[in-house]
Amino acid sequence: MKITDIKITPFRTYVDRYRNAEPLPQTEIIQTLTTIETDEGVAGHYLGGQGHGDQDGMGSASREFILTRIRELLVGQNPFDREKFWQWMWVSKTPENVMGVIDMALWDLAGNYAGMPVYQMLGGCRDKVKAYASTYPNMGSVENYVEHAIACREQGYQAYKIHPYYFWNPETGRQVPGRPSHIKHDIELIHAVADAVGDSMVLMYDPWGTYHTVEEALVVGRELEKRNYYWFEHPMPEERVDAYQRLSDELTIPICSPEILAGHVFTRADWVKRGAADISRIDVLRGGITAVKKTVNVCEAYGVKCEIHMSGIGNLHVLGSSSEDTCEYYERGLLAPGVDYNSTPPYLEASLDPMDAEGYVHLPSRPGLGYSFIWDYISEHRAEGAEHMSLGYWARG
Ligand SMILES: [Mg+2]
């Protein structure tokens, strides 16, 4: 079998978003569908490629990279040589999200050819995974978070992760790009949510690197320890590994990082060796399923957990092929009051990460990644040349 072409189909669609205490229902986005075609009629697909999860299409730079350099590299090759392509892309400094999109479209292709879900091709380990509700940051008042946590518990979630206040002052309701963290309010939030649901939900906490000193991270970390939070994720910028080593030495709560640092398996392996964090972290838009499985294997060998970052079908297949002892939770979201996450996107027949009443997300039984596309919707909403704009937390507006 040979790869004959790689195509990207951008199309216009709508999804609920949220920013700075304000729901943004049915926000227009540009989704992208990447397709790898072969001379035997079997194809592989990947939806998205940027932002959080599967919902955000790739921007023009990623699309151009794929349609020029990657297409030139892969056309004429055997689509099952994923590891060879991964090595080619890594050494040629391919952007990590592009590596991920290509790697996952190839996994989908292999699964479609074999008639088997990707997680079983990787080696099936479980067909459902515990989910946690992952909030948007800046959800307004402390009471908003408390009500939201209770509502998530009622939906079946057994665990809840707070993204607190950053780049936004909860007192003024204004954005503050230069002073990203609001520790006093964050600590109020930590205690209020623990008071409300701490006896019935596992709680995690993620300020997304907005504490700029070890001292700030220590102050908040000690409050999290008092309330038995399960992990403290990405507390500081991830470029300063020594600062993470000092923080991990000082605190008993597990530090979960690095989540967004470049270098996928290589930086994660280095952090594990240095003891810079207690739990590692990566997602499929940092080098694909192939990079994440390598990372999970390193972590398993060292007895370090690897909690998978973000929602997304590729992440779910990694979880289905990994032990709960190493990769425990699926991050479901982002969620906020007024955001409908459970509805099926209009371009699919079925949701990619449906959750049951006990808070488990089920792996798809369809072949490949498990997509069921509504092709008419995609062709009717084609948007050639349209640029995707994702919502930054720090954006003005
Ligand atoms: Mg995070």
# chains A, B, ... in the order shown; residues from 1 in each chain; ligands from 1
call {"tool": "residues_around", "arguments": {"residues": "stretch 196-200 of chain A", "least_positions_apart": "5", "cutoff": "9 Å", "atoms": "only C-alpha atoms", "output": "list in words"}}
result
Val146, Glu147, Ala149, Ile150, Arg153, Gln158, Ala159, His191, Arg227, Asn228 and Tyr229 of chain A
call {"tool": "write_last_selection", "arguments": {"atoms": "N, CA and C atoms", "output": "PDB file, in the first residue's frame"}}
result
ATOM      1  N   VAL A 146     -18.448  26.822  42.949  1.00  0.00           N
ATOM      2  CA  VAL A 146     -19.076  25.865  43.863  1.00  0.00           C
ATOM      3  C   VAL A 146     -20.324  25.256  43.218  1.00  0.00           C
ATOM      4  N   GLU A 147     -21.177  26.102  42.652  1.00  0.00           N
ATOM      5  CA  GLU A 147     -22.405  25.594  42.006  1.00  0.00           C
ATOM      6  C   GLU A 147     -22.057  24.680  40.835  1.00  0.00           C
ATOM      7  N   ALA A 149     -19.306  22.876  40.449  1.00  0.00           N
ATOM      8  CA  ALA A 149     -18.770  21.597  40.947  1.00  0.00           C
ATOM      9  C   ALA A 149     -19.915  20.678  41.377  1.00  0.00           C
ATOM     10  N   ILE A 150     -20.902  21.240  42.053  1.00  0.00           N
ATOM     11  CA  ILE A 150     -22.056  20.428  42.491  1.00  0.00           C
ATOM     12  C   ILE A 150     -22.819  19.906  41.275  1.00  0.00           C
ATOM     13  N   ARG A 153     -20.942  17.020  39.791  1.00  0.00           N
ATOM     14  CA  ARG A 153     -21.135  15.815  40.603  1.00  0.00           C
ATOM     15  C   ARG A 153     -22.481  15.168  40.267  1.00  0.00           C
ATOM     16  N   GLN A 158     -16.784  12.035  39.079  1.00  0.00           N
ATOM     17  CA  GLN A 158     -16.221  11.685  40.392  1.00  0.00           C
ATOM     18  C   GLN A 158     -15.064  12.599  40.780  1.00  0.00           C
ATOM     19  N   ALA A 159     -14.635  13.420  39.827  1.00  0.00           N
ATOM     20  CA  ALA A 159     -13.468  14.265  40.078  1.00  0.00           C
ATOM     21  C   ALA A 159     -13.644  15.610  39.376  1.00  0.00           C
ATOM     22  N   HIS A 191     -10.570  26.515  49.065  1.00  0.00           N
ATOM     23  CA  HIS A 191     -11.285  26.108  50.280  1.00  0.00           C
ATOM     24  C   HIS A 191     -12.789  25.984  50.035  1.00  0.00           C
ATOM     25  N   ARG A 227      -6.288  20.600  52.239  1.00  0.00           N
ATOM     26  CA  ARG A 227      -7.605  20.143  51.794  1.00  0.00           C
ATOM     27  C   ARG A 227      -7.545  18.854  50.975  1.00  0.00           C
ATOM     28  N   ASN A 228      -6.381  18.226  50.998  1.00  0.00           N
ATOM     29  CA  ASN A 228      -6.247  16.893  50.397  1.00  0.00           C
ATOM     30  C   ASN A 228      -6.494  16.869  48.883  1.00  0.00           C
ATOM     31  N   TYR A 229      -6.098  17.936  48.195  1.00  0.00           N
ATOM     32  CA  TYR A 229      -6.187  17.914  46.719  1.00  0.00           C
ATOM     33  C   TYR A 229      -5.277  16.806  46.181  1.00  0.00           C
TER      34      TYR A 229
END
call {"tool": "residues_near_ligand", "arguments": {"ligand": "ligand 1", "cutoff": "8 Å", "atoms": "only C-alpha atoms and all ligand atoms", "output": "list in words"}}
result
His163, Asp206, Pro207, Trp208, Glu233, His234, Glu259, His309 and Met310 of chain A
call {"tool": "residues_around", "arguments": {"residues": "A:Met355", "least_positions_apart": "3", "cutoff": "10 Å", "atoms": "only C-alpha atoms", "output": "ChimeraX atom specification"}}
result
/A:128-131,155-157,332,342,351-352,358-363
call {"tool": "write_last_selection", "arguments": {"atoms": "C-alpha atoms", "output": "PDB file, in the first residue's frame"}}
result
ATOM      1  CA  LYS A 128     -13.739   2.895  29.787  1.00  0.00           C
ATOM      2  CA  VAL A 129     -11.755   5.535  31.651  1.00  0.00           C
ATOM      3  CA  LYS A 130     -12.553   7.667  34.710  1.00  0.00           C
ATOM      4  CA  ALA A 131     -13.113  11.289  33.732  1.00  0.00           C
ATOM      5  CA  GLN A 155     -23.891  14.595  36.154  1.00  0.00           C
ATOM      6  CA  GLY A 156     -21.794  11.707  37.445  1.00  0.00           C
ATOM      7  CA  TYR A 157     -18.283  13.161  37.564  1.00  0.00           C
ATOM      8  CA  ARG A 332     -13.144  16.130  30.014  1.00  0.00           C
ATOM      9  CA  ASN A 342     -22.216  16.872  25.905  1.00  0.00           C
ATOM     10  CA  SER A 351     -19.846  12.203  20.374  1.00  0.00           C
ATOM     11  CA  LEU A 352     -16.179  11.183  20.622  1.00  0.00           C
ATOM     12  CA  GLU A 358     -20.834   6.920  36.922  1.00  0.00           C
ATOM     13  CA  GLY A 359     -18.363   9.352  35.361  1.00  0.00           C
ATOM     14  CA  TYR A 360     -16.621   6.980  32.934  1.00  0.00           C
ATOM     15  CA  VAL A 361     -15.841   7.852  29.314  1.00  0.00           C
ATOM     16  CA  HIS A 362     -16.176   4.899  26.956  1.00  0.00           C
ATOM     17  CA  LEU A 363     -13.747   3.979  24.198  1.00  0.00           C
TER      18      LEU A 363
END
call {"tool": "residues_around", "arguments": {"residues": "stretch 367-370 of chain A", "least_positions_apart": "2", "cutoff": "6 Å", "atoms": "only C-alpha atoms", "output": "PyMOL selection string"}}
result
chain A and resi 108+111-112+115-118+364
call {"tool": "write_last_selection", "arguments": {"atoms": "N, CA, C and O atoms", "output": "short mmCIF file (atom, residue, chain, number, x, y, z; two decimals), in the first residue's frame"}}
result
data_model
loop_
_atom_site.label_atom_id
_atom_site.label_comp_id
_atom_site.auth_asym_id
_atom_site.auth_seq_id
_atom_site.Cartn_x
_atom_site.Cartn_y
_atom_site.Cartn_z
N ASP A 108 -5.31 6.15 12.51
CA ASP A 108 -6.70 5.95 12.08
C ASP A 108 -6.74 5.08 10.82
O ASP A 108 -7.56 4.16 10.72
N GLY A 111 -6.07 1.49 11.68
CA GLY A 111 -7.23 0.90 12.35
C GLY A 111 -8.36 0.65 11.37
O GLY A 111 -9.05 -0.39 11.44
N ASN A 112 -8.56 1.57 10.43
CA ASN A 112 -9.60 1.37 9.42
C ASN A 112 -9.27 0.16 8.55
O ASN A 112 -10.15 -0.61 8.17
N GLY A 115 -9.82 -2.93 10.67
CA GLY A 115 -11.17 -3.07 11.21
C GLY A 115 -11.18 -3.12 12.73
O GLY A 115 -12.00 -3.80 13.34
N MET A 116 -10.27 -2.37 13.35
CA MET A 116 -10.08 -2.47 14.80
C MET A 116 -9.87 -1.07 15.39
O MET A 116 -9.21 -0.23 14.77
N PRO A 117 -10.41 -0.80 16.59
CA PRO A 117 -10.13 0.50 17.22
C PRO A 117 -8.63 0.66 17.52
O PRO A 117 -7.94 -0.32 17.81
N VAL A 118 -8.17 1.90 17.47
CA VAL A 118 -6.74 2.17 17.65
C VAL A 118 -6.25 1.66 19.01
O VAL A 118 -5.15 1.10 19.10
N PRO A 364 -14.43 4.14 21.85
CA PRO A 364 -15.29 3.78 20.71
C PRO A 364 -15.02 2.34 20.28
O PRO A 364 -13.90 1.84 20.39
#
call {"tool": "residues_around", "arguments": {"residues": "A:Ile29", "least_positions_apart": "6", "cutoff": "10 Å", "atoms": "only C-alpha atoms", "output": "JSON, numbers by chain"}}
result
{"A": [11, 12, 13, 14, 15, 16, 55, 56, 57, 386, 387, 388, 389, 390]}
call {"tool": "closest_residue", "arguments": {"among": "A:Ser321, A:Thr344, A:Ser248, A:Gln31", "to": "A:Met121", "atoms": "only C-alpha atoms"}}
result
A:Ser321
